[in-house]
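Taking it in order: structure first as structure tokens, then the write-up.
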Amino acid sequence: MQVIPTSRLYPATSAQLISAQTAYGFLGQPFSLAVGTSNAATRFTATPLPPGLSFNPTNGLLSGTPLLAGNFQIFLTASNSLAVSGSGLALTIYNTGSSLIREV
């Protein structure tokens, strides 16, 4: 008889996204958002990206300077050797004109 360890039946170390579901940025201003996970993720994806932003698939960092104002829906994934987890991010980029401050 072979005994299967509980960790093989119920993997507790699969990557789970725990990032915010909404984020805000400003046109022409530096933006940065780190994708969070509940367990160690080894690969991340984000698509589609607004103009001016880039995404690091190794550490899950969304960053850059937005070139277009508007509402963007970005699909995020995080994965490790056990599983893939996905979630949506609603990103709003505001155009504040020449002002650095805007009430949200």
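Going through the structure tokens in order, the chains are called A, B, and so on, while each chain numbers its residues from 1 and the ligands are numbered from 1 in the order shown.
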Exercise. Using only C-alpha atoms, which residues sit within 10 Å of region 75-92 of chain A once same-chain residues fewer than 3 positions away are excluded, as a ChimeraX atom specification?
Worked result: /A:11-27,35-37,39-50,57-60,69-72,95
Problem set entry | Distance in Å - CA of Gly64 (chain A) versus CA of Gln29 (chain A) | 8.4 Å
Closest atom pairs, region 66-89 of chain A residues within 9 Å of region 51-55 of chain A, only C-alpha atoms, as CSV:
residue,atom,partner,partner_atom,distance
A:Pro66,CA,A:Gly52,CA,4.6
A:Leu67,CA,A:Gly52,CA,5.2
A:Leu68,CA,A:Pro51,CA,6.2
Those same residues, written as a short mmCIF file (atom, residue, chain, number, x, y, z; two decimals), in the first residue's frame with C-alpha atoms?
data_model
loop_
_atom_site.label_atom_id
_atom_site.label_comp_id
_atom_site.auth_asym_id
_atom_site.auth_seq_id
_atom_site.Cartn_x
_atom_site.Cartn_y
_atom_site.Cartn_z
CA PRO A 66 0.73 56.35 -19.25
CA LEU A 67 0.40 57.99 -22.67
CA LEU A 68 -3.39 57.70 -22.99
#
Problem set entry | strand (DSSP E) per DSSP on the backbone: members of chain A, as a PyMOL selection string | chain A and resi 22-26+31-34+43-47+53-56+61-64+70-79+84-94
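The residue set within 8 Å of Ser32 (chain A), counting only C-alpha atoms and dropping same-chain residues fewer than 2 places from it, reads A:Pro30, A:Ala34, A:Leu61, A:Leu62, A:Ser63, A:Gly64.
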With C-alpha atoms kept, could you save the residues just selected as a short mmCIF file (atom, residue, chain, number, x, y, z; two decimals), in the first residue's frame?
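As a result, out_1.cif now contains:
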data_model
loop_
_atom_site.label_atom_id
_atom_site.label_comp_id
_atom_site.auth_asym_id
_atom_site.auth_seq_id
_atom_site.Cartn_x
_atom_site.Cartn_y
_atom_site.Cartn_z
CA PRO A 30 4.99 57.69 -13.42
CA ALA A 34 3.10 45.28 -8.04
CA LEU A 61 5.50 44.80 -11.79
CA LEU A 62 3.27 46.97 -14.00
CA SER A 63 5.02 50.29 -14.53
CA GLY A 64 5.73 53.18 -16.87
#
Exercise. Mind checking DSSP for chain A and telling me the alpha helix (DSSP H) residues as a list in words?
Worked result: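 These are the residues in question: Thr6, Ser7, Arg8 and Leu9 of chain A.
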